[in-house]
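Quick look at final32.txt (compact mmCIF, C-alpha atoms):
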# COMPACT_ATOMS: atom_id res chain seq x y z
CA MET A 126 -61.69 32.25 -48.92
CA PHE A 127 -63.00 28.89 -50.17
CA SER A 128 -65.75 26.40 -49.47
CA VAL A 129 -65.28 22.71 -48.71
CA SER A 130 -68.45 21.92 -50.62
CA SER A 131 -67.04 23.47 -53.76
CA PHE A 132 -63.82 21.44 -53.81
CA ALA A 133 -64.20 17.75 -52.12
CA ALA A 134 -48.81 38.43 -43.13
CA SER A 135 -28.14 61.64 -25.84
CA THR A 136 -30.54 63.02 -27.90
CA GLY A 137 -26.76 63.01 -27.94
CA LYS A 138 -24.88 65.86 -29.52
CA LYS A 139 -23.40 65.33 -32.93
CA THR A 140 -20.20 66.90 -34.09
CA SER A 141 -21.19 66.84 -37.75
CA HIS A 142 -24.18 66.32 -39.99
CA ASN A 143 -22.45 65.60 -43.24
CA GLY A 144 -20.43 62.43 -42.84
CA GLY A 145 -17.07 62.70 -44.56
CA GLY A 146 -15.71 59.33 -43.41
CA SER A 147 -16.59 59.35 -39.69
CA SER A 148 -19.30 57.73 -37.61
CA SER A 149 -20.80 61.19 -36.98
CA GLY A 150 -22.24 60.96 -40.50
CA ILE A 151 -23.91 57.64 -39.66
CA LYS A 152 -25.24 59.02 -36.38
CA ALA A 153 -26.59 62.07 -38.19
CA SER A 154 -28.36 59.77 -40.65
CA ASN A 155 -29.90 57.94 -37.68
CA ASN A 156 -31.21 61.14 -36.06
CA GLN A 157 -34.06 62.32 -38.25
CA ILE A 158 -37.80 62.48 -38.71
CA GLY A 159 -39.25 62.11 -42.17
CA TYR A 160 -41.84 61.26 -44.79
CA GLN A 161 -41.60 58.81 -47.68
CA SER A 162 -43.65 58.14 -50.78
CA ILE A 163 -43.85 54.38 -51.26
CA SER A 164 -45.05 51.83 -53.78
CA THR A 165 -45.71 48.36 -52.36
CA ASN A 166 -45.69 45.63 -54.97
CA VAL A 167 -47.96 42.82 -53.71
CA ASN A 168 -47.34 39.18 -54.62
CA TYR A 169 -49.89 37.03 -52.75
CA THR A 170 -50.72 33.38 -53.48
CA GLU A 171 -53.28 31.02 -51.93
CA THR A 172 -52.74 27.27 -52.38
CA GLY A 173 -54.87 24.15 -51.99
CA GLY A 174 -54.12 20.59 -50.98
CA LYS A 175 -56.26 20.20 -47.84
CA TYR A 176 -59.93 19.60 -46.93
CA GLY A 177 -60.40 17.84 -50.24
CA VAL A 178 -59.31 20.82 -52.31
CA ALA A 179 -56.88 19.88 -55.05
CA ALA A 180 -53.25 20.96 -54.61
CA GLY A 181 -52.09 23.96 -56.62
CA THR A 182 -52.71 27.68 -56.88
CA LEU A 183 -56.22 28.80 -55.91
CA ASP A 184 -55.89 32.55 -56.35
CA THR A 185 -53.31 35.33 -56.56
CA GLU A 186 -53.17 39.08 -56.07
CA THR A 187 -50.33 41.06 -57.62
CA GLY A 188 -49.40 44.61 -58.51
CA PRO A 189 -48.14 47.91 -57.09
CA VAL A 190 -50.13 49.74 -54.40
CA PRO A 191 -49.15 53.40 -53.74
CA GLY A 192 -48.80 54.78 -50.25
CA ARG A 193 -46.91 56.88 -47.74
CA ALA A 194 -44.72 56.32 -44.71
CA PHE A 195 -43.69 58.35 -41.67
CA TYR A 196 -40.66 57.55 -39.53
CA ILE A 197 -38.54 58.83 -36.68
CA SER A 198 -35.16 57.41 -35.76
CA SER A 199 -32.61 58.35 -33.14
CA MET A 200 -29.14 57.26 -32.01
CA THR A 201 -28.50 58.55 -28.49
CA ASN A 202 -26.57 57.72 -25.34
CA VAL A 203 -29.31 56.86 -22.84
CA LEU A 204 -28.73 53.18 -21.96
CA LEU A 205 -25.74 51.41 -23.48
CA GLY A 206 -24.28 54.11 -25.71
CA ASN A 207 -25.16 54.50 -29.39
CA ASP A 208 -28.69 53.43 -28.46
CA TYR A 209 -30.71 53.12 -31.65
CA PHE A 210 -34.47 53.69 -31.77
CA LYS A 211 -36.76 53.75 -34.80
CA ALA A 212 -40.54 53.91 -35.18
CA THR A 213 -42.37 53.70 -38.52
CA TYR A 214 -45.89 53.83 -39.85
CA ASP A 215 -46.92 53.23 -43.45
CA GLN A 216 -50.14 52.76 -45.34
CA SER A 217 -50.74 51.86 -49.00
CA ILE A 218 -54.16 52.14 -50.66
CA GLY A 219 -55.02 51.04 -54.18
CA THR A 220 -55.91 47.97 -56.23
CA THR A 221 -54.28 44.69 -57.18
CA ASN A 222 -54.80 42.30 -60.07
CA TYR A 223 -56.86 39.32 -58.91
CA ILE A 224 -56.79 35.90 -60.60
CA GLY A 225 -58.84 33.12 -59.02
CA ALA A 226 -60.94 30.01 -59.42
CA ASN A 227 -64.67 30.13 -60.00
CA LEU A 228 -65.69 27.92 -57.07
CA ASN A 229 -68.99 29.26 -55.76
CA LEU A 230 -71.22 30.19 -58.70
CA PRO A 231 -74.89 29.35 -58.09
CA ASN A 232 -75.19 28.46 -61.76
CA GLY A 233 -72.70 26.58 -63.89
CA PRO A 234 -69.75 24.32 -63.09
CA ALA A 235 -66.73 25.29 -60.99
CA GLY A 236 -63.79 26.62 -62.97
CA PRO A 237 -60.02 26.20 -62.50
CA TYR A 238 -57.48 28.83 -61.42
CA GLY A 239 -57.62 31.57 -64.03
CA SER A 240 -61.37 31.33 -64.58
CA VAL A 241 -61.86 34.60 -62.66
CA VAL A 242 -59.81 37.69 -63.56
CA SER A 243 -60.54 41.08 -62.00
CA THR A 244 -59.11 43.80 -59.75
CA SER A 245 -59.36 44.00 -55.98
CA GLY A 246 -59.15 46.93 -53.59
CA ALA A 247 -56.31 46.77 -51.07
CA THR A 248 -55.36 48.76 -47.97
CA ILE A 249 -52.08 47.71 -46.32
CA THR A 250 -51.11 49.18 -42.95
CA ASN A 251 -47.90 48.56 -40.98
CA TYR A 252 -46.46 49.74 -37.67
CA SER A 253 -43.01 48.91 -36.29
CA PHE A 254 -40.65 49.84 -33.47
CA ARG A 255 -37.06 48.77 -32.98
CA TYR A 256 -34.29 49.17 -30.42
CA GLY A 257 -30.63 48.34 -30.92
CA LYS A 258 -27.07 49.29 -30.04
CA GLY A 259 -24.63 50.65 -32.59
CA LEU A 260 -21.14 49.13 -32.70
CA ASP A 261 -18.65 51.56 -34.25
CA PHE A 262 -15.98 49.98 -36.47
CA GLY A 263 -13.29 52.34 -37.69
CA GLY A 264 -15.41 55.46 -38.04
CA SER A 265 -16.94 54.84 -41.47
CA PHE A 266 -18.74 51.57 -40.64
CA MET A 267 -21.31 50.82 -37.95
CA LEU A 268 -23.06 47.54 -37.13
CA THR A 269 -26.31 47.73 -35.12
CA PRO A 270 -28.04 44.57 -33.88
CA TYR A 271 -31.65 45.28 -32.91
CA LEU A 272 -34.99 43.87 -31.76
CA GLU A 273 -38.09 44.84 -33.75
CA LEU A 274 -41.77 44.57 -32.85
CA GLY A 275 -44.52 45.36 -35.33
CA SER A 276 -47.98 44.76 -36.75
CA HIS A 277 -49.45 44.25 -40.20
CA ARG A 278 -52.97 44.54 -41.57
CA TRP A 279 -54.35 43.94 -45.06
CA ASP A 280 -57.92 44.93 -45.87
CA ARG A 281 -58.70 42.88 -48.97
CA ALA A 282 -61.77 43.76 -51.02
CA VAL A 283 -62.54 40.29 -52.36
CA ASN A 284 -66.02 38.83 -51.81
CA TYR A 285 -67.63 41.19 -49.27
CA GLY A 286 -64.36 42.10 -47.57
CA GLU A 287 -61.63 40.13 -45.82
CA THR A 288 -59.14 41.50 -43.28
CA TYR A 289 -55.85 39.76 -42.49
CA SER A 290 -53.77 40.87 -39.52
CA ASN A 291 -50.81 39.80 -37.44
CA ALA A 292 -48.20 41.04 -35.02
CA TYR A 293 -44.56 40.03 -35.37
CA TYR A 294 -41.22 40.12 -33.59
CA GLY A 295 -37.74 39.67 -34.96
CA PHE A 296 -34.02 40.21 -34.57
CA GLY A 297 -32.16 42.23 -37.16
CA LEU A 298 -28.79 43.59 -38.14
CA LEU A 299 -28.34 47.08 -39.58
CA ASN A 300 -25.09 47.60 -41.52
CA GLN A 301 -24.24 51.24 -42.26
CA TYR A 302 -21.37 52.65 -44.31
CA VAL A 303 -20.16 56.16 -45.08
CA VAL A 304 -19.75 55.81 -48.85
CA GLY A 305 -18.82 59.43 -49.58
CA ASN A 306 -19.15 62.94 -48.26
CA HIS A 307 -22.80 63.36 -47.18
CA TRP A 308 -23.71 59.77 -48.24
CA VAL A 309 -24.65 56.87 -45.91
CA LEU A 310 -25.61 53.41 -47.19
CA SER A 311 -27.73 51.18 -44.93
CA ILE A 312 -28.22 47.44 -45.48
CA ASP A 313 -30.76 45.85 -43.18
CA ALA A 314 -31.81 42.22 -42.57
CA LEU A 315 -34.30 40.76 -40.08
CA ALA A 316 -35.48 37.25 -39.26
CA GLY A 317 -38.56 36.89 -37.08
CA HIS A 318 -41.92 35.26 -36.55
CA THR A 319 -45.55 36.31 -36.98
CA ASN A 320 -47.87 36.13 -33.99
CA GLY A 321 -51.65 36.24 -33.52
CA SER A 322 -52.39 35.91 -37.24
CA LYS A 323 -56.10 35.97 -38.02
CA ILE A 324 -58.69 36.65 -40.70
CA VAL A 325 -62.07 38.37 -40.43
CA VAL A 326 -64.51 37.67 -43.29
CA THR A 327 -67.51 39.95 -43.83
CA SER A 328 -70.94 38.34 -44.33
CA GLY A 329 -72.92 38.71 -47.52
CA PRO A 330 -75.31 36.80 -49.78
CA GLN A 331 -74.22 33.12 -49.82
CA VAL A 332 -71.26 33.96 -47.52
CA THR A 333 -71.37 33.45 -43.77
CA GLY A 334 -68.86 35.78 -42.17
CA PHE A 335 -66.38 34.52 -39.60
CA SER A 336 -63.26 35.35 -37.63
CA ALA A 337 -60.60 32.67 -37.35
CA ALA A 338 -56.98 32.12 -36.44
CA LEU A 339 -54.45 31.69 -39.20
CA GLY A 340 -51.26 29.75 -38.67
CA ASP A 341 -48.16 31.80 -37.83
CA SER A 342 -44.85 31.50 -39.68
CA VAL A 343 -41.29 32.73 -39.95
CA LEU A 344 -40.91 36.24 -41.37
CA TYR A 345 -37.99 37.72 -43.30
CA LYS A 346 -37.24 41.35 -44.12
CA VAL A 347 -34.34 42.76 -46.15
CA GLY A 348 -33.80 46.41 -46.99
CA VAL A 349 -31.33 48.79 -48.64
CA MET A 350 -31.40 52.57 -48.15
CA LEU A 351 -29.19 55.40 -49.39
CA ASP A 352 -29.33 58.66 -47.44
CA TYR A 353 -27.87 62.00 -48.56
CA THR A 354 -27.50 64.98 -46.22
CA LEU A 355 -28.24 68.29 -47.90
CA GLY A 356 -26.65 71.10 -45.90
CA GLN A 357 -26.82 70.53 -42.16
CA ARG A 358 -30.33 69.19 -41.60
CA ILE A 359 -32.15 68.06 -44.72
CA HIS A 360 -31.97 64.37 -45.69
CA VAL A 361 -32.94 62.88 -49.03
CA ASN A 362 -33.28 59.10 -49.15
CA ALA A 363 -34.29 56.25 -51.41
CA GLY A 364 -34.51 52.54 -50.78
CA VAL A 365 -36.20 49.21 -51.27
CA ASP A 366 -37.56 46.71 -48.72
CA TYR A 367 -38.56 43.07 -49.23
CA THR A 368 -40.83 41.17 -46.78
CA MET A 369 -41.97 37.53 -46.87
CA PHE A 370 -44.21 35.47 -44.56
CA ASN A 371 -46.96 32.83 -44.72
CA TYR A 372 -50.44 32.40 -43.31
CA GLY A 373 -51.68 28.93 -42.42
CA ILE A 374 -55.04 27.37 -43.15
CA THR A 375 -58.01 28.03 -40.83
CA ALA A 376 -60.30 25.43 -39.36
CA VAL A 377 -63.47 24.76 -41.38
CA GLN A 378 -66.09 27.33 -40.42
CA PRO A 379 -69.90 27.17 -40.34
CA GLY A 380 -71.19 26.82 -43.86
CA GLY A 381 -68.10 24.85 -44.88
CA LEU A 382 -65.94 27.93 -45.49
CA PHE A 383 -62.23 28.15 -44.72
CA GLU A 384 -59.19 30.25 -45.57
CA PRO A 385 -56.43 28.26 -47.30
CA ASP A 386 -52.65 28.38 -46.85
CA SER A 387 -51.01 31.42 -48.42
CA GLN A 388 -47.70 33.17 -48.94
CA THR A 389 -47.26 36.95 -48.95
CA ASN A 390 -44.36 38.79 -50.59
CA TYR A 391 -44.02 42.59 -50.55
CA LEU A 392 -41.44 44.65 -52.42
CA ALA A 393 -41.65 48.30 -51.36
CA LEU A 394 -39.89 51.16 -53.15
CA LYS A 395 -39.38 54.26 -50.97
CA PHE A 396 -38.38 57.87 -51.72
CA GLY A 397 -38.35 60.46 -48.97
CA LEU A 398 -37.25 63.60 -47.18
CA GLY A 399 -36.10 63.87 -43.57
CA TRP A 400 -35.19 66.58 -41.08
CA GLY A 401 -32.13 65.99 -38.91
CA PHE A 402 -32.06 66.80 -35.21
Give the structure from this file in structure tokens form.
Amino acid sequence: MFSVSSFAASTGKKTSHNGGGSSSGIKASNNQIGYQSISTNVNYTETGGKYGVAAGTLDTETGPVPGRAFYISSMTNVLLGNDYFKATYDQSIGTTNYIGANLNLPNGPAGPYGSVVSTSGATITNYSFRYGKGLDFGGSFMLTPYLELGSHRWDRAVNYGETYSNAYYGFGLLNQYVVGNHWVLSIDALAGHTNGSKIVVTSGPQVTGFSAALGDSVLYKVGVMLDYTLGQRIHVNAGVDYTMFNYGITAVQPGGLFEPDSQTNYLALKFGLGWGF
């Protein structure tokens, strides 16, 4: 947040749980409920260039934030055949490394980017739901186009607290391969758009709190996951997801405050256990 005065987001039956070169291994991988330990590496940058603020980086937040995720996925025959459903929830809580510009000191001149270096508390919460239809190609390869809806929230502990939030929608393509007995590789890509992006700034000394709309943007997600079936029901998995989107600048608020343009990049490492059904 910056001030204008300072500078002029069928229950179907399966024949096998262990893969071995057939689509039953992929379907088994898609029928599980599980838990993952995650580490979300944050790479957030705010930039100037409007309302009289000089162009360039204003502040950044970077670093890994640990968390956890819960998911349930299913591939059943209830609508079109090989109907694919997945719901996820994850939350990461920790700190990031903050580098900023000293713009609002009551005493002393304003400083450039890099004049403030500290840490900042961060809580990142995501929900998502997707539906798609699996297209079976030759038994060991399945392609699943899907629609995903979701929400994102970042509670940022700069100043007296700032909360960023948005919903999103997107269309994706899940590519799954049986790469060996018990092993399924999933490669996932989604292109979408954020919706209803906003910021809520908490009031404090010399800061007038406000709630304002942020500009929406395109959103991209790419993921890779490797799933191993242990016995008949237990799944062990590991993967990495990358997400990128932007927030736009707010209107100038009472007191001359505003939230500048920003770009958010997340790289999440995931390790988990699932139970097949």
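The interatomic distance for the pair atom CA of Thr333 of chain A and atom CA of Gly236 of chain A works out to 21.7 Å.
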As an MDAnalysis selection string, please: the residues near segment 249-260 of chain A (cut-off 8 Å, all atoms listed in the file, same-chain neighbours under 5 positions excluded). chainID A and resid 205:218 267:280
Best match for closeness to Leu382 of chain A among A:Ile312, A:Val178, A:Tyr345, A:Gly317, counting all atoms listed in the file: A:Val178
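The shell of residues at most 9 Å from Val242 of chain A, with only C-alpha atoms counted and near chain neighbours (fewer than 5 positions) removed, consists of Asn222, Tyr223, Ile224, Gly225 and Ala226 of chain A.
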In Å, with one decimal, what is the gap from atom CA of Val377 of chain A to atom CA of Tyr176 of chain A?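 Those two atoms sit 8.4 Å apart.
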Restricting to only C-alpha atoms, whichever of A:Ala282, A:Ala247, A:Val326, A:Leu344 is closest to Gly297 of chain A is A:Leu344
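Nearest residue to Val332 of chain A among A:Leu355, A:Ala153, A:Val283, A:Met350 is A:Val283, counting all atoms listed in the file.
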